[in-house]
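Peer 1: Just so it is clear, I am handing over my_file.pdb, which has PDB, C-alpha atoms, pLDDT in the B column.
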ATOM      1  CA  MET V   1      18.992 -91.810   1.102  1.00 54.00           C
ATOM      2  CA  GLY V   2      18.598 -90.029  -2.231  1.00 73.00           C
ATOM      3  CA  LYS V   3      18.750 -91.256  -5.808  1.00 82.00           C
ATOM      4  CA  PRO V   4      21.671 -91.760  -8.178  1.00 84.00           C
ATOM      5  CA  VAL V   5      22.406 -88.817 -10.459  1.00 88.00           C
ATOM      6  CA  VAL V   6      23.704 -89.290 -14.004  1.00 92.00           C
ATOM      7  CA  ILE V   7      24.792 -86.220 -15.978  1.00 96.00           C
ATOM      8  CA  PRO V   8      25.450 -86.837 -19.689  1.00 96.00           C
ATOM      9  CA  PRO V   9      28.257 -85.064 -21.565  1.00 97.00           C
ATOM     10  CA  GLY V  10      27.493 -81.344 -21.683  1.00 97.00           C
ATOM     11  CA  GLY V  11      24.542 -81.749 -19.305  1.00 97.00           C
ATOM     12  CA  GLY V  12      25.878 -80.102 -16.154  1.00 98.00           C
ATOM     13  CA  GLU V  13      24.505 -76.883 -14.685  1.00 98.00           C
ATOM     14  CA  VAL V  14      26.054 -74.113 -16.790  1.00 98.00           C
ATOM     15  CA  VAL V  15      27.613 -71.257 -14.801  1.00 97.00           C
ATOM     16  CA  GLY V  16      29.654 -69.775 -17.638  1.00 96.00           C
ATOM     17  CA  ASP V  17      29.460 -70.128 -21.412  1.00 97.00           C
ATOM     18  CA  SER V  18      31.392 -68.166 -24.017  1.00 96.00           C
ATOM     19  CA  PRO V  19      33.521 -69.029 -27.053  1.00 96.00           C
ATOM     20  CA  ASP V  20      36.662 -69.319 -24.910  1.00 97.00           C
ATOM     21  CA  ARG V  21      35.208 -70.664 -21.650  1.00 98.00           C
ATOM     22  CA  ARG V  22      32.473 -73.030 -20.496  1.00 98.00           C
ATOM     23  CA  VAL V  23      31.983 -74.203 -16.904  1.00 98.00           C
ATOM     24  CA  GLU V  24      29.421 -76.771 -15.735  1.00 98.00           C
ATOM     25  CA  ILE V  25      28.634 -77.848 -12.175  1.00 98.00           C
ATOM     26  CA  LEU V  26      28.605 -81.644 -11.887  1.00 98.00           C
ATOM     27  CA  SER V  27      28.316 -82.043  -8.111  1.00 97.00           C
ATOM     28  CA  ASP V  28      27.393 -79.802  -5.216  1.00 96.00           C
ATOM     29  CA  HIS V  29      27.273 -82.492  -2.553  1.00 94.00           C
ATOM     30  CA  SER V  30      28.686 -81.076   0.694  1.00 93.00           C
ATOM     31  CA  GLY V  31      31.609 -83.503   0.586  1.00 94.00           C
ATOM     32  CA  LEU V  32      32.580 -82.806  -3.025  1.00 97.00           C
ATOM     33  CA  HIS V  33      31.889 -79.929  -5.392  1.00 98.00           C
ATOM     34  CA  ALA V  34      32.956 -80.764  -8.948  1.00 98.00           C
ATOM     35  CA  THR V  35      32.989 -78.807 -12.199  1.00 98.00           C
ATOM     36  CA  TRP V  36      33.858 -79.506 -15.835  1.00 98.00           C
ATOM     37  CA  SER V  37      35.582 -76.664 -17.686  1.00 98.00           C
ATOM     38  CA  ARG V  38      36.679 -75.809 -21.216  1.00 98.00           C
ATOM     39  CA  PHE V  39      39.230 -73.005 -21.683  1.00 98.00           C
ATOM     40  CA  GLY V  40      40.332 -71.609 -25.019  1.00 98.00           C
ATOM     41  CA  PRO V  41      43.992 -70.934 -25.857  1.00 98.00           C
ATOM     42  CA  GLY V  42      45.619 -68.441 -23.489  1.00 97.00           C
ATOM     43  CA  ARG V  43      42.511 -68.166 -21.313  1.00 97.00           C
ATOM     44  CA  ASP V  44      43.173 -66.967 -17.751  1.00 96.00           C
ATOM     45  CA  GLY V  45      41.601 -68.802 -14.823  1.00 96.00           C
ATOM     46  CA  ALA V  46      41.999 -67.723 -11.203  1.00 96.00           C
ATOM     47  CA  ASP V  47      44.591 -65.297  -9.812  1.00 97.00           C
ATOM     48  CA  LEU V  48      46.820 -66.367  -6.920  1.00 98.00           C
ATOM     49  CA  HIS V  49      44.839 -67.296  -3.803  1.00 98.00           C
ATOM     50  CA  VAL V  50      44.612 -69.823  -0.973  1.00 98.00           C
ATOM     51  CA  HIS V  51      41.933 -72.042   0.501  1.00 98.00           C
ATOM     52  CA  ARG V  52      42.049 -72.440   4.252  1.00 97.00           C
ATOM     53  CA  HIS V  53      39.645 -75.297   4.822  1.00 97.00           C
ATOM     54  CA  HIS V  54      39.609 -77.524   1.735  1.00 97.00           C
ATOM     55  CA  THR V  55      41.747 -79.187  -0.924  1.00 98.00           C
ATOM     56  CA  ASP V  56      41.637 -78.047  -4.573  1.00 98.00           C
ATOM     57  CA  LEU V  57      42.235 -80.726  -7.218  1.00 98.00           C
ATOM     58  CA  PHE V  58      42.479 -80.592 -11.016  1.00 98.00           C
ATOM     59  CA  TYR V  59      42.264 -83.564 -13.401  1.00 98.00           C
ATOM     60  CA  VAL V  60      43.250 -82.598 -16.944  1.00 98.00           C
ATOM     61  CA  LEU V  61      41.106 -84.243 -19.626  1.00 98.00           C
ATOM     62  CA  GLU V  62      42.548 -82.600 -22.752  1.00 98.00           C
ATOM     63  CA  GLY V  63      45.342 -80.127 -23.366  1.00 98.00           C
ATOM     64  CA  GLU V  64      47.584 -78.801 -20.624  1.00 98.00           C
ATOM     65  CA  LEU V  65      46.749 -76.816 -17.492  1.00 98.00           C
ATOM     66  CA  THR V  66      49.243 -74.223 -16.295  1.00 98.00           C
ATOM     67  CA  LEU V  67      49.166 -74.317 -12.502  1.00 98.00           C
ATOM     68  CA  ARG V  68      50.801 -71.377 -10.718  1.00 98.00           C
ATOM     69  CA  LEU V  69      52.264 -72.124  -7.289  1.00 98.00           C
ATOM     70  CA  GLY V  70      53.688 -70.049  -4.450  1.00 98.00           C
ATOM     71  CA  PRO V  71      53.754 -66.279  -3.881  1.00 97.00           C
ATOM     72  CA  GLU V  72      55.728 -65.798  -7.110  1.00 96.00           C
ATOM     73  CA  GLY V  73      53.250 -67.845  -9.144  1.00 97.00           C
ATOM     74  CA  GLU V  74      55.815 -70.268 -10.567  1.00 97.00           C
ATOM     75  CA  SER V  75      54.274 -72.054 -13.576  1.00 98.00           C
ATOM     76  CA  VAL V  76      53.948 -75.833 -13.505  1.00 98.00           C
ATOM     77  CA  ALA V  77      52.597 -77.763 -16.509  1.00 98.00           C
ATOM     78  CA  VAL V  78      49.879 -80.345 -15.793  1.00 98.00           C
ATOM     79  CA  PRO V  79      49.379 -82.507 -18.922  1.00 98.00           C
ATOM     80  CA  ALA V  80      46.334 -84.527 -19.938  1.00 98.00           C
ATOM     81  CA  GLY V  81      45.705 -87.581 -17.777  1.00 97.00           C
ATOM     82  CA  THR V  82      47.279 -85.985 -14.708  1.00 98.00           C
ATOM     83  CA  LEU V  83      45.773 -85.142 -11.317  1.00 98.00           C
ATOM     84  CA  ALA V  84      47.115 -82.092  -9.469  1.00 98.00           C
ATOM     85  CA  ARG V  85      46.364 -81.725  -5.762  1.00 98.00           C
ATOM     86  CA  VAL V  86      46.728 -78.398  -3.932  1.00 98.00           C
ATOM     87  CA  PRO V  87      46.297 -78.665  -0.141  1.00 98.00           C
ATOM     88  CA  PRO V  88      44.995 -75.879   2.105  1.00 98.00           C
ATOM     89  CA  LEU V  89      47.150 -72.734   2.475  1.00 98.00           C
ATOM     90  CA  VAL V  90      49.271 -73.382  -0.635  1.00 98.00           C
ATOM     91  CA  VAL V  91      49.171 -70.247  -2.796  1.00 98.00           C
ATOM     92  CA  HIS V  92      47.992 -71.145  -6.298  1.00 98.00           C
ATOM     93  CA  GLY V  93      46.289 -69.946  -9.446  1.00 98.00           C
ATOM     94  CA  PHE V  94      45.796 -71.425 -12.903  1.00 98.00           C
ATOM     95  CA  ARG V  95      45.304 -70.670 -16.593  1.00 98.00           C
ATOM     96  CA  ASN V  96      45.556 -72.195 -20.029  1.00 98.00           C
ATOM     97  CA  GLY V  97      49.052 -71.133 -20.979  1.00 97.00           C
ATOM     98  CA  THR V  98      49.082 -72.950 -24.327  1.00 97.00           C
ATOM     99  CA  ASP V  99      47.746 -72.334 -27.828  1.00 97.00           C
ATOM    100  CA  ALA V 100      45.468 -75.410 -27.661  1.00 98.00           C
ATOM    101  CA  GLU V 101      42.099 -75.938 -25.991  1.00 98.00           C
ATOM    102  CA  LEU V 102      42.071 -77.130 -22.372  1.00 98.00           C
ATOM    103  CA  ARG V 103      39.428 -79.297 -20.679  1.00 98.00           C
ATOM    104  CA  TYR V 104      39.599 -80.316 -17.046  1.00 98.00           C
ATOM    105  CA  LEU V 105      37.706 -81.371 -13.933  1.00 98.00           C
ATOM    106  CA  ASN V 106      38.019 -79.197 -10.833  1.00 98.00           C
ATOM    107  CA  LEU V 107      37.314 -80.890  -7.496  1.00 98.00           C
ATOM    108  CA  HIS V 108      36.846 -79.113  -4.166  1.00 98.00           C
ATOM    109  CA  ALA V 109      36.817 -81.427  -1.132  1.00 97.00           C
ATOM    110  CA  PRO V 110      34.908 -80.729   0.971  1.00 96.00           C
ATOM    111  CA  GLY V 111      32.724 -78.409  -1.087  1.00 94.00           C
ATOM    112  CA  VAL V 112      32.527 -75.439   1.362  1.00 94.00           C
ATOM    113  CA  GLY V 113      30.182 -73.518  -0.947  1.00 95.00           C
ATOM    114  CA  PHE V 114      32.214 -73.487  -4.175  1.00 96.00           C
ATOM    115  CA  ALA V 115      29.210 -74.256  -6.397  1.00 96.00           C
ATOM    116  CA  ASP V 116      27.153 -71.506  -4.756  1.00 96.00           C
ATOM    117  CA  TYR V 117      30.051 -69.092  -5.290  1.00 95.00           C
ATOM    118  CA  LEU V 118      30.036 -69.924  -9.012  1.00 96.00           C
ATOM    119  CA  ARG V 119      26.277 -69.442  -9.203  1.00 97.00           C
ATOM    120  CA  ALA V 120      26.536 -66.082  -7.452  1.00 96.00           C
ATOM    121  CA  THR V 121      29.283 -64.971  -9.834  1.00 94.00           C
ATOM    122  CA  ARG V 122      27.133 -66.013 -12.801  1.00 95.00           C
ATOM    123  CA  ASP V 123      24.140 -64.104 -11.430  1.00 96.00           C
ATOM    124  CA  GLY V 124      26.073 -60.975 -10.474  1.00 94.00           C
ATOM    125  CA  ARG V 125      25.718 -61.492  -6.714  1.00 95.00           C
ATOM    126  CA  ALA V 126      28.444 -61.140  -4.102  1.00 91.00           C
ATOM    127  CA  LEU V 127      29.151 -64.289  -2.092  1.00 93.00           C
ATOM    128  CA  SER V 128      32.246 -65.136  -0.117  1.00 91.00           C
ATOM    129  CA  TYR V 129      33.523 -68.653   0.366  1.00 94.00           C
ATOM    130  CA  ASP V 130      36.807 -70.296   1.343  1.00 97.00           C
ATOM    131  CA  GLN V 131      39.008 -68.358  -1.088  1.00 96.00           C
ATOM    132  CA  HIS V 132      41.430 -65.737   0.232  1.00 97.00           C
ATOM    133  CA  PRO V 133      44.318 -63.539  -0.957  1.00 97.00           C
ATOM    134  CA  PRO V 134      47.835 -64.943  -0.530  1.00 98.00           C
ATOM    135  CA  PRO V 135      48.898 -64.521   3.120  1.00 97.00           C
ATOM    136  CA  ALA V 136      51.713 -62.155   4.062  1.00 97.00           C
ATOM    137  CA  ASP V 137      53.898 -65.053   5.237  1.00 96.00           C
ATOM    138  CA  GLY V 138      53.725 -66.746   1.823  1.00 96.00           C
ATOM    139  CA  GLY V 139      51.508 -69.593   2.988  1.00 96.00           C
ATOM    140  CA  ARG V 140      52.345 -73.257   2.967  1.00 97.00           C
ATOM    141  CA  ALA V 141      55.335 -74.526   0.968  1.00 97.00           C
ATOM    142  CA  PRO V 142      54.511 -74.808  -2.769  1.00 97.00           C
ATOM    143  CA  GLY V 143      56.233 -78.196  -2.740  1.00 97.00           C
ATOM    144  CA  ASP V 144      53.332 -79.563  -0.706  1.00 97.00           C
ATOM    145  CA  ALA V 145      51.249 -79.530  -3.895  1.00 98.00           C
ATOM    146  CA  VAL V 146      51.310 -82.906  -5.647  1.00 97.00           C
ATOM    147  CA  ILE V 147      51.385 -83.139  -9.444  1.00 97.00           C
ATOM    148  CA  GLY V 148      50.793 -86.589 -10.921  1.00 96.00           C
ATOM    149  CA  GLY V 149      52.085 -89.744  -9.339  1.00 90.00           C
ATOM    150  CA  GLY V 150      49.889 -92.490  -7.983  1.00 85.00           C
ATOM    151  CA  GLU V 151      49.999 -95.985  -6.557  1.00 88.00           C
ATOM    152  CA  ALA V 152      49.317 -98.932  -8.864  1.00 86.00           C
ATOM    153  CA  GLY V 153      47.213-101.762  -7.484  1.00 78.00           C
ATOM    154  CA  SER V 154      47.316-105.440  -8.408  1.00 68.00           C
ATOM    155  CA  ASP V 155      43.848-105.128  -9.979  1.00 74.00           C
ATOM    156  CA  GLY V 156      44.999-102.654 -12.633  1.00 73.00           C
ATOM    157  CA  ARG V 157      43.691 -99.605 -10.797  1.00 88.00           C
ATOM    158  CA  MET V 158      45.766 -96.530 -10.077  1.00 94.00           C
ATOM    159  CA  LEU V 159      45.190 -94.685  -6.808  1.00 95.00           C
ATOM    160  CA  LEU V 160      45.747 -91.017  -7.687  1.00 97.00           C
ATOM    161  CA  ALA V 161      44.837 -89.420  -4.350  1.00 96.00           C
ATOM    162  CA  ASP V 162      44.061 -90.836  -0.910  1.00 95.00           C
ATOM    163  CA  LEU V 163      42.955 -88.059   1.431  1.00 96.00           C
ATOM    164  CA  PRO V 164      40.679 -88.138   4.473  1.00 95.00           C
ATOM    165  CA  GLU V 165      38.161 -86.036   2.538  1.00 95.00           C
ATOM    166  CA  LEU V 166      38.490 -87.638  -0.913  1.00 97.00           C
ATOM    167  CA  SER V 167      40.006 -90.602  -2.753  1.00 96.00           C
ATOM    168  CA  VAL V 168      40.494 -90.629  -6.531  1.00 97.00           C
ATOM    169  CA  THR V 169      41.187 -93.842  -8.469  1.00 96.00           C
ATOM    170  CA  GLU V 170      41.652 -94.427 -12.199  1.00 96.00           C
ATOM    171  CA  ALA V 171      40.189 -97.768 -13.280  1.00 92.00           C
ATOM    172  CA  TRP V 172      40.237 -99.783 -16.512  1.00 87.00           C
ATOM    173  CA  SER V 173      37.232-101.860 -17.583  1.00 76.00           C
ATOM    174  CA  GLY V 174      37.054-103.815 -14.355  1.00 66.00           C
ATOM    175  CA  ALA V 175      33.649-104.981 -13.210  1.00 69.00           C
ATOM    176  CA  GLU V 176      32.560-104.001  -9.712  1.00 77.00           C
ATOM    177  CA  PRO V 177      29.941-106.324  -8.195  1.00 78.00           C
ATOM    178  CA  ALA V 178      26.923-104.910  -6.434  1.00 76.00           C
ATOM    179  CA  HIS V 179      27.883-103.104  -3.258  1.00 77.00           C
ATOM    180  CA  ALA V 180      26.994-100.048  -1.163  1.00 71.00           C
ATOM    181  CA  HIS V 181      29.001 -97.600   0.919  1.00 81.00           C
ATOM    182  CA  VAL V 182      27.546 -96.949   4.350  1.00 82.00           C
ATOM    183  CA  SER V 183      28.903 -93.424   4.780  1.00 82.00           C
ATOM    184  CA  ARG V 184      30.590 -92.470   1.485  1.00 89.00           C
ATOM    185  CA  VAL V 185      29.285 -90.933  -1.727  1.00 89.00           C
ATOM    186  CA  ALA V 186      30.639 -92.635  -4.869  1.00 90.00           C
ATOM    187  CA  SER V 187      31.182 -90.568  -8.019  1.00 94.00           C
ATOM    188  CA  LEU V 188      32.295 -91.741 -11.476  1.00 95.00           C
ATOM    189  CA  TYR V 189      33.563 -89.854 -14.516  1.00 97.00           C
ATOM    190  CA  VAL V 190      33.899 -91.873 -17.736  1.00 97.00           C
ATOM    191  CA  LEU V 191      37.125 -91.060 -19.576  1.00 97.00           C
ATOM    192  CA  GLU V 192      36.969 -93.576 -22.439  1.00 96.00           C
ATOM    193  CA  GLY V 193      34.479 -96.143 -23.678  1.00 95.00           C
ATOM    194  CA  GLU V 194      31.125 -96.710 -22.019  1.00 94.00           C
ATOM    195  CA  LEU V 195      30.012 -98.042 -18.645  1.00 91.00           C
ATOM    196  CA  ALA V 196      26.894 -99.835 -17.513  1.00 88.00           C
ATOM    197  CA  LEU V 197      25.905 -98.570 -14.068  1.00 86.00           C
ATOM    198  CA  THR V 198      23.272-100.424 -12.086  1.00 85.00           C
ATOM    199  CA  ALA V 199      22.115 -98.333  -9.133  1.00 81.00           C
ATOM    200  CA  GLY V 200      18.944 -98.031  -7.134  1.00 74.00           C
ATOM    201  CA  GLY V 201      17.261-100.716  -9.218  1.00 77.00           C
ATOM    202  CA  GLN V 202      18.027 -98.981 -12.545  1.00 80.00           C
ATOM    203  CA  GLU V 203      20.540 -99.862 -15.245  1.00 85.00           C
ATOM    204  CA  LEU V 204      22.060 -96.738 -16.764  1.00 83.00           C
ATOM    205  CA  ARG V 205      24.380 -96.305 -19.745  1.00 87.00           C
ATOM    206  CA  ALA V 206      27.281 -93.914 -19.238  1.00 90.00           C
ATOM    207  CA  PRO V 207      29.350 -92.993 -22.333  1.00 94.00           C
ATOM    208  CA  ALA V 208      32.617 -91.040 -22.194  1.00 96.00           C
ATOM    209  CA  GLY V 209      32.112 -87.634 -20.604  1.00 98.00           C
ATOM    210  CA  THR V 210      29.369 -88.820 -18.245  1.00 97.00           C
ATOM    211  CA  TRP V 211      29.374 -87.968 -14.533  1.00 97.00           C
ATOM    212  CA  ALA V 212      27.486 -90.257 -12.154  1.00 94.00           C
ATOM    213  CA  GLN V 213      27.015 -89.927  -8.409  1.00 93.00           C
ATOM    214  CA  VAL V 214      25.628 -92.585  -6.080  1.00 89.00           C
ATOM    215  CA  PRO V 215      24.528 -91.553  -2.556  1.00 86.00           C
ATOM    216  CA  ALA V 216      25.713 -93.396   0.516  1.00 86.00           C
ATOM    217  CA  GLY V 217      23.716 -96.532   1.221  1.00 82.00           C
ATOM    218  CA  VAL V 218      22.578 -97.107  -2.395  1.00 84.00           C
ATOM    219  CA  THR V 219      23.570-100.481  -3.851  1.00 82.00           C
ATOM    220  CA  HIS V 220      25.322-100.177  -7.206  1.00 81.00           C
ATOM    221  CA  ALA V 221      27.442-102.132  -9.676  1.00 81.00           C
ATOM    222  CA  VAL V 222      29.713-101.014 -12.526  1.00 86.00           C
ATOM    223  CA  SER V 223      30.861-102.817 -15.687  1.00 81.00           C
ATOM    224  CA  ALA V 224      32.236-101.935 -19.119  1.00 84.00           C
ATOM    225  CA  TRP V 225      29.699-101.830 -21.952  1.00 86.00           C
ATOM    226  CA  GLY V 226      30.609-103.089 -25.410  1.00 85.00           C
ATOM    227  CA  GLY V 227      34.387-102.825 -25.060  1.00 85.00           C
ATOM    228  CA  PRO V 228      37.194-101.389 -22.938  1.00 88.00           C
ATOM    229  CA  ALA V 229      36.394 -98.457 -20.684  1.00 92.00           C
ATOM    230  CA  ARG V 230      38.451 -96.164 -18.494  1.00 94.00           C
ATOM    231  CA  TYR V 231      37.002 -94.062 -15.702  1.00 95.00           C
ATOM    232  CA  LEU V 232      37.696 -92.119 -12.536  1.00 97.00           C
ATOM    233  CA  GLU V 233      36.135 -93.347  -9.303  1.00 95.00           C
ATOM    234  CA  LEU V 234      35.902 -90.877  -6.432  1.00 97.00           C
ATOM    235  CA  HIS V 235      34.812 -91.475  -2.853  1.00 96.00           C
ATOM    236  CA  SER V 236      33.938 -88.683  -0.452  1.00 94.00           C
ATOM    237  CA  PRO V 237      35.011 -88.824   2.265  1.00 90.00           C
ATOM    238  CA  GLY V 238      38.074 -90.851   1.267  1.00 85.00           C
TER     239      GLY V 238
END
What does the file become when written as structure tokens?
Peer 2:
Amino acid sequence: MGKPVVIPPGGGEVVGDSPDRRVEILSDHSGLHATWSRFGPGRDGADLHVHRHHTDLFYVLEGELTLRLGPEGESVAVPAGTLARVPPLVVHGFRNGTDAELRYLNLHAPGVGFADYLRATRDGRALSYDQHPPPADGGRAPGDAVIGGGEAGSDGRMLLADLPELSVTEAWSGAEPAHAHVSRVASLYVLEGELALTAGGQELRAPAGTWAQVPAGVTHAVSAWGGPARYLELHSPG
């Protein structure tokens, strides 16, 4: 069944660290590989490419991500607080095109080896995964990428993405009573404030910047600690 994992701010597995770039692995569960990244002003990310078998998502924490879409790499601004979703076969790349620091979460669902690819790159090893050059036919329509949006619920939550492989919800301070998911992994990222997470018989404190992951079948409960809190809740599969 596994145990809950709580990664404090700055505590992920480091796969790149320099003055203008830091990347940490937060999750390498087969259903969801997640990283936290910091890019300095003008820092390039990935050149144009496609994924054939998984969806690539970006949630901007601070600053502004420049997402490049289509064979021509048209620039699209993704501001803080926004989720961008790039489905399979849409040509895309990204960079920090501003003069301010950028921080973001990158989600690959399912994982298809993304974390191992980052580790291999860090260690100077060659490893291929589901990342390919733009196809000759231009790939899927760039308009199939979704920037922002969401569906507001009556409970104050905002559903940002609802895919077969992953759901992403933004929640405010709401308490979640004890429950378990039979076949889904639950992940949380605290955006503001502090959460109390009770999971697997433990009560854990999770301040802003914390990533927590609860395996399928583990009973857990979530509540705000000491004041308002805002967080992302992810379920894989969706």
Peer 1: So what does the PyMOL selection byres ((chain V and resi 222) around 8) actually pick up in this one, as a VMD selection string?
Peer 2: chain V and resid 175 to 178 195 to 198 220 to 221 223 to 224
Peer 1: Report the residues retrieved by the PyMOL selection byres ((chain V and resi 69-73) around 8) from the displayed file, expressed as a VMD selection string.
Peer 2: chain V and resid 48 67 to 68 74 to 76 90 to 93 134 138 to 139 141 to 142
Peer 1: At a cut-off of 12 Å from (46.9, -87.1, -16.3) in the coordinates of the file, what residues are picked up using all atoms listed in the file, written as a ChimeraX atom specification?
Peer 2: /V:58-65,77-85,103-105,147-150,158,160,169-170,191,232
Peer 1: Of the residues V:Thr121, V:Ser37, V:Ser27, V:Thr210, which is the one nearest to Arg95 (chain V), using all atoms listed in the file?
Peer 2: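 Looking at the shortest contact to Arg95 (chain V), the residue is V:Ser37.
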Peer 1: Once the PyMOL selection byres ((chain V and resi 51) around 6) is applied to the coordinates I shared, what remains selected? I want it as an MDAnalysis selection string.
Peer 2: chainID V and resid 50 52:53 88:89 130:131
Peer 1: If I take CA of Leu107 (chain V) and CA of Leu32 (chain V), how far is one from the other in Å, to one decimal?
Peer 2: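 Separating CA of Leu107 (chain V) from CA of Leu32 (chain V) is a distance of 6.8 Å.
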